[in-house]
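**Student:** My structure is stored as target_33.txt, with compact mmCIF, C-alpha atoms and all ligand atoms.
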```txt
# COMPACT_ATOMS: atom_id res chain seq x y z
CA MET E 1 0.01 -17.41 18.81
CA ASP E 2 0.66 -18.89 22.24
CA ASN E 3 -1.93 -21.17 23.87
CA ALA E 4 -2.93 -21.25 27.53
CA LEU E 5 -3.02 -24.80 28.88
CA ALA E 6 -4.49 -26.24 32.06
CA PHE E 7 -3.67 -29.86 32.80
CA THR E 8 -2.38 -32.04 35.60
CA VAL E 9 1.10 -33.49 35.82
CA ASN E 10 1.46 -36.32 38.30
CA GLY E 11 -1.74 -35.11 39.93
CA ARG E 12 -0.60 -31.52 40.28
CA PRO E 13 -2.71 -28.86 38.53
CA THR E 14 -0.50 -26.97 36.08
CA ARG E 15 -1.11 -23.88 34.00
CA LEU E 16 1.24 -22.80 31.25
CA THR E 17 1.33 -20.76 28.09
CA VAL E 18 2.97 -22.70 25.27
CA ASP E 19 4.00 -22.14 21.71
CA PRO E 20 1.90 -24.39 19.42
CA ARG E 21 5.13 -25.94 18.14
CA GLU E 22 6.35 -27.07 21.58
CA SER E 23 6.32 -30.79 22.25
CA LEU E 24 5.05 -32.24 25.49
CA LEU E 25 8.55 -33.64 25.99
CA ASP E 26 10.17 -30.21 25.87
CA VAL E 27 7.52 -28.72 28.15
CA LEU E 28 8.08 -31.48 30.71
CA ARG E 29 11.86 -31.26 30.61
CA GLU E 30 12.55 -27.60 29.95
CA ARG E 31 9.59 -25.82 31.53
CA LEU E 32 8.57 -28.13 34.37
CA GLU E 33 12.04 -29.57 35.13
CA LEU E 34 10.73 -33.14 34.98
CA THR E 35 13.90 -34.48 33.42
CA GLY E 36 13.19 -38.14 34.18
CA THR E 37 11.53 -38.33 30.77
CA LYS E 38 14.37 -38.70 28.28
CA LYS E 39 14.93 -37.34 24.80
CA GLY E 40 16.45 -40.01 22.60
CA CYS E 41 15.62 -39.63 18.93
CA ASP E 42 13.02 -36.81 19.17
CA HIS E 43 11.34 -38.50 16.18
CA GLY E 44 9.01 -41.08 17.69
CA GLN E 45 11.33 -44.00 17.08
CA CYS E 46 12.94 -44.96 20.40
CA GLY E 47 10.33 -44.70 23.18
CA ALA E 48 12.70 -42.96 25.63
CA CYS E 49 10.18 -40.14 26.03
CA THR E 50 7.16 -42.33 26.87
CA VAL E 51 4.67 -40.86 29.34
CA HIS E 52 0.99 -41.50 30.03
CA VAL E 53 -1.82 -39.16 28.97
CA ASP E 54 -5.12 -40.09 30.61
CA GLY E 55 -3.56 -43.48 31.38
CA ARG E 56 -2.49 -44.27 27.82
CA ARG E 57 1.14 -44.36 26.75
CA VAL E 58 2.31 -41.78 24.24
CA VAL E 59 5.67 -40.70 22.89
CA SER E 60 5.88 -37.19 24.27
CA CYS E 61 8.31 -36.00 21.57
CA LEU E 62 5.54 -36.34 18.97
CA THR E 63 2.76 -35.07 21.23
CA PRO E 64 2.15 -31.33 20.84
CA ALA E 65 1.87 -29.82 24.31
CA VAL E 66 -1.39 -28.13 23.27
CA LYS E 67 -2.97 -31.59 22.98
CA VAL E 68 -2.81 -32.21 26.73
CA ASP E 69 -5.08 -29.30 27.65
CA GLY E 70 -7.57 -30.64 30.21
CA ARG E 71 -5.83 -34.01 30.45
CA ALA E 72 -3.86 -35.91 33.08
CA VAL E 73 -0.18 -36.48 32.33
CA THR E 74 1.88 -38.98 34.32
CA THR E 75 5.65 -39.14 34.10
CA ILE E 76 8.23 -41.45 35.65
CA GLU E 77 8.37 -39.04 38.61
CA GLY E 78 4.70 -39.76 39.32
CA ILE E 79 4.44 -43.55 39.49
CA GLY E 80 6.05 -44.23 42.88
CA GLY E 81 4.33 -44.22 46.23
CA PRO E 82 3.64 -41.06 48.25
CA ASP E 83 6.72 -41.59 50.43
CA GLY E 84 9.04 -42.25 47.52
CA GLU E 85 8.52 -46.02 47.37
CA LEU E 86 9.39 -47.51 44.02
CA HIS E 87 6.63 -48.75 41.75
CA PRO E 88 6.69 -52.60 41.73
CA LEU E 89 7.95 -52.54 38.14
CA GLN E 90 10.83 -50.22 39.10
CA GLN E 91 11.81 -52.70 41.83
CA ALA E 92 11.51 -55.54 39.32
CA PHE E 93 13.89 -53.71 36.96
CA ILE E 94 16.46 -53.67 39.78
CA ASP E 95 15.79 -57.32 40.69
CA ASN E 96 16.25 -58.46 37.09
CA ASP E 97 19.21 -56.27 36.04
CA ALA E 98 16.96 -54.71 33.43
CA LEU E 99 19.20 -51.72 32.79
CA GLN E 100 22.77 -50.81 32.04
CA CYS E 101 23.26 -47.11 31.21
CA GLY E 102 19.67 -46.38 32.26
CA TYR E 103 18.90 -43.86 29.53
CA CYS E 104 16.00 -45.83 28.07
CA THR E 105 14.76 -46.97 31.49
CA PRO E 106 12.15 -44.31 32.33
CA GLY E 107 10.49 -44.87 28.96
CA GLN E 108 10.72 -48.65 29.35
CA VAL E 109 9.12 -48.45 32.80
CA MET E 110 6.30 -46.16 31.63
CA SER E 111 5.62 -48.43 28.67
CA GLY E 112 5.85 -51.49 30.90
CA VAL E 113 3.34 -50.09 33.40
CA ALA E 114 0.94 -49.46 30.51
CA CYS E 115 1.64 -52.88 29.00
CA LEU E 116 0.65 -54.48 32.32
CA ALA E 117 -2.47 -52.31 32.67
CA GLU E 118 -3.49 -53.17 29.11
CA GLY E 119 -3.26 -56.90 29.93
CA HIS E 120 -0.52 -57.47 27.38
CA ALA E 121 1.91 -59.34 29.61
CA SER E 122 0.64 -62.90 29.45
CA ASP E 123 3.91 -64.35 28.11
CA ASP E 124 7.33 -63.28 26.90
CA ALA E 125 6.32 -63.09 23.23
CA GLU E 126 3.39 -60.81 24.00
CA ILE E 127 5.53 -58.61 26.25
CA ARG E 128 8.16 -58.32 23.50
CA GLU E 129 5.52 -57.38 20.95
CA TYR E 130 3.87 -54.73 23.10
CA MET E 131 7.22 -53.32 24.26
CA SER E 132 8.67 -53.23 20.75
CA GLY E 133 8.37 -49.45 20.51
CA ASN E 134 10.96 -49.03 23.27
CA LEU E 135 14.54 -49.49 22.14
CA CYS E 136 17.51 -50.22 24.40
CA ARG E 137 20.93 -49.60 22.93
CA CYS E 138 22.50 -51.57 25.79
CA GLY E 139 20.48 -54.64 24.86
CA ALA E 140 18.90 -55.16 28.28
CA TYR E 141 15.83 -56.72 26.70
CA VAL E 142 16.04 -60.07 28.51
CA GLY E 143 15.96 -58.33 31.89
CA ILE E 144 13.22 -55.92 30.81
CA VAL E 145 10.94 -58.78 29.74
CA ALA E 146 11.74 -60.66 32.97
CA ALA E 147 10.92 -57.58 35.05
CA ILE E 148 7.52 -57.15 33.40
CA ARG E 149 6.81 -60.86 33.74
CA GLN E 150 7.73 -60.75 37.45
CA THR E 151 5.43 -57.78 38.05
CA ALA E 152 2.59 -59.45 36.16
CA ARG E 153 3.04 -62.57 38.30
CA GLN E 154 3.03 -60.54 41.51
CA ALA E 155 -0.20 -58.89 40.41
CA GLY E 156 -1.72 -62.32 39.73
CA ARG E 157 -1.97 -61.76 36.00
FE1 LIG D 201 10.52 -39.70 21.59
FE2 LIG D 201 12.59 -41.16 20.79
S1 LIG D 201 12.61 -39.31 21.98
S2 LIG D 201 10.48 -41.62 20.61
FE1 LIG D 202 21.18 -48.27 28.13
FE2 LIG D 202 18.72 -49.20 27.70
S1 LIG D 202 19.94 -49.44 29.50
S2 LIG D 202 19.85 -47.83 26.48
```
Translate the structure of the given file into C-alpha cells.

**Tutor:**
Amino acid sequence: MDNALAFTVNGRPTRLTVDPRESLLDVLRERLELTGTKKGCDHGQCGACTVHVDGRRVVSCLTPAVKVDGRAVTTIEGIGGPDGELHPLQQAFIDNDALQCGYCTPGQVMSGVACLAEGHASDDAEIREYMSGNLCRCGAYVGIVAAIRQTARQAGR
C-alpha cells in the first residue's frame, strides 16, 4: 500500500505518495530530480548518499522514504547561500584539492557539515574518526580532512 508523505526538502514543502519499499535516496534522485546525492553502494557502506534529516546525517540509501514524513530533509543542493554562494566547506574543498572524480564529494560535504555542527572537528584524528563512514575511492582523504579543519578554524572552533 502506498503512503502519502508531507515533508520539506531544502526548505520546500513537498508532498508525495511513495511505495513503502522506496528509499529516501531513490525518492530524492528519481522523483525529485535532486541528483546531487549520489548512489554508491546502495548498502550503507560508502556514505555517498549522505543527507541530513532534521539536521542529523543519515545514509539515504538505508532510510525508507516513509520515515521522513513530517521531517526536514537537506541535500547538497540546499546548503549554499540564497544566491548560489558555496557553503564555506564547499569552498574549502576547492581550496584544499579535496576531490578528484567528485563522486563521493556531495556525501563528504554533507557529512563534513554535520561533523562540524556536532563539534567533532577539533583535530585531524577526530575528523578522521567522525568522517570514517564516507569512503573516497580516489583517496582524497588528506584534502578532505584539511578542508574540514580549515572550515572549523574559520568558524573559530
Ligand atoms: Fe548509501 Fe553507499 S550509497 S552508503
Ligand atoms: Fe573520487 Fe572521492 S573524489 S571517490

**Student:** Set the cut-off to 8 Å, count only C-alpha atoms and all ligand atoms, and list whatever residues fall near ligand LIG 202 (chain D) as a VMD selection string.

**Tutor:** chain E and resid 98 to 105 135 to 140

**Student:** With all atoms listed in the file as the basis for distance, which of E:Arg15, E:Arg31, E:His43, E:Arg153 is at the shortest distance from ligand LIG 201 (chain D)?

**Tutor:**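 Looking at the shortest contact to ligand LIG 201 (chain D), the residue is E:His43.
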
**Student:** Which centre and which edge lengths, in Å to one decimal, describe the axis-aligned box that holds all listed atoms of segment 14-26 of chain E after 8 Å is added on each side, as lines of an AutoDock Vina configuration file?

**Tutor:**
```
center_x = 4.5
center_y = -27.2
center_z = 27.1
size_x = 27.3
size_y = 28.9
size_z = 33.9
```

**Student:** Skipping near chain neighbours, those fewer than 6 positions away, what residues fall within 10 Å of Ser132 of chain E using all atoms listed in the file, listed as a PyMOL selection string?

**Tutor:** chain E and resi 46-47+108+111+126+141

**Student:** Write out as a PyMOL selection string the residues lying within 9 Å of segment 86-90 of chain E, counting only C-alpha atoms and excluding same-chain residues fewer than 6 positions away.

**Tutor:** chain E and resi 79-80+109+112-113+147-148+150-152+154

**Student:** Output C-alpha atoms for every residue in that selection, as a PDB file, in the coordinates of the input.

**Tutor:**
```pdb
ATOM      1  CA  ILE E  79       4.440 -43.550  39.490  1.00  0.00           C
ATOM      2  CA  GLY E  80       6.050 -44.230  42.880  1.00  0.00           C
ATOM      3  CA  VAL E 109       9.120 -48.450  32.800  1.00  0.00           C
ATOM      4  CA  GLY E 112       5.850 -51.490  30.900  1.00  0.00           C
ATOM      5  CA  VAL E 113       3.340 -50.090  33.400  1.00  0.00           C
ATOM      6  CA  ALA E 147      10.920 -57.580  35.050  1.00  0.00           C
ATOM      7  CA  ILE E 148       7.520 -57.150  33.400  1.00  0.00           C
ATOM      8  CA  GLN E 150       7.730 -60.750  37.450  1.00  0.00           C
ATOM      9  CA  THR E 151       5.430 -57.780  38.050  1.00  0.00           C
ATOM     10  CA  ALA E 152       2.590 -59.450  36.160  1.00  0.00           C
ATOM     11  CA  GLN E 154       3.030 -60.540  41.510  1.00  0.00           C
TER      12      GLN E 154
END
```

**Student:** Could you check the closest approach to ligand LIG 201 (chain D) for each of E:Leu25, E:Cys49, E:Ile94, E:Ala125 and tell me which residue wins, using only C-alpha atoms and all ligand atoms?

**Tutor:**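 The answer is E:Cys49, which sits nearest to ligand LIG 201 (chain D).
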
**Student:** What would the file be for segment 99-113 of chain E if you keep all heavy atoms and write it as a PDB file, in the first residue's frame?

**Tutor:**
```pdb
ATOM      1  N   LEU E  99      39.053  16.795  -3.737  1.00  0.00           N
ATOM      2  CA  LEU E  99      38.304  15.883  -4.610  1.00  0.00           C
ATOM      3  C   LEU E  99      39.091  15.604  -5.882  1.00  0.00           C
ATOM      4  O   LEU E  99      39.921  16.403  -6.294  1.00  0.00           O
ATOM      5  CB  LEU E  99      36.937  16.451  -4.975  1.00  0.00           C
ATOM      6  CG  LEU E  99      36.908  17.750  -5.787  1.00  0.00           C
ATOM      7  CD1 LEU E  99      35.682  17.792  -6.656  1.00  0.00           C
ATOM      8  CD2 LEU E  99      36.945  18.954  -4.855  1.00  0.00           C
ATOM      9  N   GLN E 100      38.782  14.442  -6.451  1.00  0.00           N
ATOM     10  CA  GLN E 100      39.350  14.125  -7.763  1.00  0.00           C
ATOM     11  C   GLN E 100      38.190  13.873  -8.723  1.00  0.00           C
ATOM     12  O   GLN E 100      37.767  14.764  -9.430  1.00  0.00           O
ATOM     13  CB  GLN E 100      40.306  12.945  -7.651  1.00  0.00           C
ATOM     14  CG  GLN E 100      41.582  13.334  -6.913  1.00  0.00           C
ATOM     15  CD  GLN E 100      42.575  12.209  -6.817  1.00  0.00           C
ATOM     16  OE1 GLN E 100      42.776  11.447  -7.754  1.00  0.00           O
ATOM     17  NE2 GLN E 100      43.210  12.098  -5.670  1.00  0.00           N
ATOM     18  N   CYS E 101      37.594  12.663  -8.692  1.00  0.00           N
ATOM     19  CA  CYS E 101      36.464  12.434  -9.604  1.00  0.00           C
ATOM     20  C   CYS E 101      35.207  13.158  -9.132  1.00  0.00           C
ATOM     21  O   CYS E 101      34.321  13.463  -9.919  1.00  0.00           O
ATOM     22  CB  CYS E 101      36.183  10.944  -9.764  1.00  0.00           C
ATOM     23  SG  CYS E 101      35.306  10.207  -8.355  1.00  0.00           S
ATOM     24  N   GLY E 102      35.096  13.392  -7.833  1.00  0.00           N
ATOM     25  CA  GLY E 102      33.963  14.134  -7.287  1.00  0.00           C
ATOM     26  C   GLY E 102      32.750  13.302  -6.922  1.00  0.00           C
ATOM     27  O   GLY E 102      31.780  13.844  -6.396  1.00  0.00           O
ATOM     28  N   TYR E 103      32.805  12.007  -7.172  1.00  0.00           N
ATOM     29  CA  TYR E 103      31.583  11.202  -6.937  1.00  0.00           C
ATOM     30  C   TYR E 103      31.213  11.132  -5.460  1.00  0.00           C
ATOM     31  O   TYR E 103      30.045  11.198  -5.099  1.00  0.00           O
ATOM     32  CB  TYR E 103      31.747   9.785  -7.505  1.00  0.00           C
ATOM     33  CG  TYR E 103      30.422   9.108  -7.686  1.00  0.00           C
ATOM     34  CD1 TYR E 103      29.658   9.347  -8.821  1.00  0.00           C
ATOM     35  CD2 TYR E 103      29.896   8.277  -6.703  1.00  0.00           C
ATOM     36  CE1 TYR E 103      28.409   8.772  -8.978  1.00  0.00           C
ATOM     37  CE2 TYR E 103      28.653   7.688  -6.846  1.00  0.00           C
ATOM     38  CZ  TYR E 103      27.921   7.938  -7.989  1.00  0.00           C
ATOM     39  OH  TYR E 103      26.688   7.365  -8.143  1.00  0.00           O
ATOM     40  N   CYS E 104      32.208  11.033  -4.607  1.00  0.00           N
ATOM     41  CA  CYS E 104      31.923  10.942  -3.170  1.00  0.00           C
ATOM     42  C   CYS E 104      31.678  12.306  -2.538  1.00  0.00           C
ATOM     43  O   CYS E 104      31.262  12.394  -1.380  1.00  0.00           O
ATOM     44  CB  CYS E 104      33.098  10.275  -2.444  1.00  0.00           C
ATOM     45  SG  CYS E 104      34.562  11.348  -2.297  1.00  0.00           S
ATOM     46  N   THR E 105      31.980  13.377  -3.287  1.00  0.00           N
ATOM     47  CA  THR E 105      32.072  14.715  -2.690  1.00  0.00           C
ATOM     48  C   THR E 105      30.779  15.222  -2.047  1.00  0.00           C
ATOM     49  O   THR E 105      30.830  15.746  -0.925  1.00  0.00           O
ATOM     50  CB  THR E 105      32.605  15.716  -3.741  1.00  0.00           C
ATOM     51  OG1 THR E 105      33.792  15.184  -4.303  1.00  0.00           O
ATOM     52  CG2 THR E 105      32.896  17.064  -3.111  1.00  0.00           C
ATOM     53  N   PRO E 106      29.616  15.091  -2.682  1.00  0.00           N
ATOM     54  CA  PRO E 106      28.410  15.580  -2.002  1.00  0.00           C
ATOM     55  C   PRO E 106      28.197  14.914  -0.645  1.00  0.00           C
ATOM     56  O   PRO E 106      27.860  15.581   0.341  1.00  0.00           O
ATOM     57  CB  PRO E 106      27.284  15.237  -2.988  1.00  0.00           C
ATOM     58  CG  PRO E 106      27.963  15.186  -4.317  1.00  0.00           C
ATOM     59  CD  PRO E 106      29.331  14.613  -4.039  1.00  0.00           C
ATOM     60  N   GLY E 107      28.435  13.617  -0.585  1.00  0.00           N
ATOM     61  CA  GLY E 107      28.285  12.906   0.691  1.00  0.00           C
ATOM     62  C   GLY E 107      29.338  13.342   1.693  1.00  0.00           C
ATOM     63  O   GLY E 107      29.055  13.498   2.884  1.00  0.00           O
ATOM     64  N   GLN E 108      30.563  13.555   1.211  1.00  0.00           N
ATOM     65  CA  GLN E 108      31.629  14.024   2.112  1.00  0.00           C
ATOM     66  C   GLN E 108      31.266  15.390   2.675  1.00  0.00           C
ATOM     67  O   GLN E 108      31.452  15.649   3.875  1.00  0.00           O
ATOM     68  CB  GLN E 108      32.964  14.141   1.347  1.00  0.00           C
ATOM     69  CG  GLN E 108      33.481  12.866   0.719  1.00  0.00           C
ATOM     70  CD  GLN E 108      34.190  11.946   1.694  1.00  0.00           C
ATOM     71  OE1 GLN E 108      34.253  12.202   2.894  1.00  0.00           O
ATOM     72  NE2 GLN E 108      34.707  10.848   1.180  1.00  0.00           N
ATOM     73  N   VAL E 109      30.758  16.273   1.817  1.00  0.00           N
ATOM     74  CA  VAL E 109      30.431  17.633   2.270  1.00  0.00           C
ATOM     75  C   VAL E 109      29.277  17.580   3.278  1.00  0.00           C
ATOM     76  O   VAL E 109      29.335  18.224   4.332  1.00  0.00           O
ATOM     77  CB  VAL E 109      30.090  18.540   1.066  1.00  0.00           C
ATOM     78  CG1 VAL E 109      29.491  19.862   1.537  1.00  0.00           C
ATOM     79  CG2 VAL E 109      31.339  18.786   0.219  1.00  0.00           C
ATOM     80  N   MET E 110      28.254  16.789   2.988  1.00  0.00           N
ATOM     81  CA  MET E 110      27.121  16.717   3.923  1.00  0.00           C
ATOM     82  C   MET E 110      27.557  16.138   5.269  1.00  0.00           C
ATOM     83  O   MET E 110      27.141  16.591   6.328  1.00  0.00           O
ATOM     84  CB  MET E 110      25.978  15.884   3.321  1.00  0.00           C
ATOM     85  CG  MET E 110      25.334  16.502   2.092  1.00  0.00           C
ATOM     86  SD  MET E 110      24.790  18.210   2.316  1.00  0.00           S
ATOM     87  CE  MET E 110      23.372  17.988   3.383  1.00  0.00           C
ATOM     88  N   SER E 111      28.424  15.134   5.215  1.00  0.00           N
ATOM     89  CA  SER E 111      28.939  14.560   6.461  1.00  0.00           C
ATOM     90  C   SER E 111      29.836  15.563   7.171  1.00  0.00           C
ATOM     91  O   SER E 111      29.799  15.682   8.400  1.00  0.00           O
ATOM     92  CB  SER E 111      29.752  13.303   6.137  1.00  0.00           C
ATOM     93  OG  SER E 111      29.250  12.214   6.818  1.00  0.00           O
ATOM     94  N   GLY E 112      30.638  16.277   6.397  1.00  0.00           N
ATOM     95  CA  GLY E 112      31.546  17.260   6.979  1.00  0.00           C
ATOM     96  C   GLY E 112      30.798  18.401   7.658  1.00  0.00           C
ATOM     97  O   GLY E 112      31.181  18.847   8.745  1.00  0.00           O
ATOM     98  N   VAL E 113      29.722  18.864   7.025  1.00  0.00           N
ATOM     99  CA  VAL E 113      28.915  19.934   7.634  1.00  0.00           C
ATOM    100  C   VAL E 113      28.361  19.448   8.970  1.00  0.00           C
ATOM    101  O   VAL E 113      28.380  20.167   9.973  1.00  0.00           O
ATOM    102  CB  VAL E 113      27.775  20.367   6.674  1.00  0.00           C
ATOM    103  CG1 VAL E 113      26.770  21.262   7.380  1.00  0.00           C
ATOM    104  CG2 VAL E 113      28.352  21.075   5.451  1.00  0.00           C
TER     105      VAL E 113
END
```
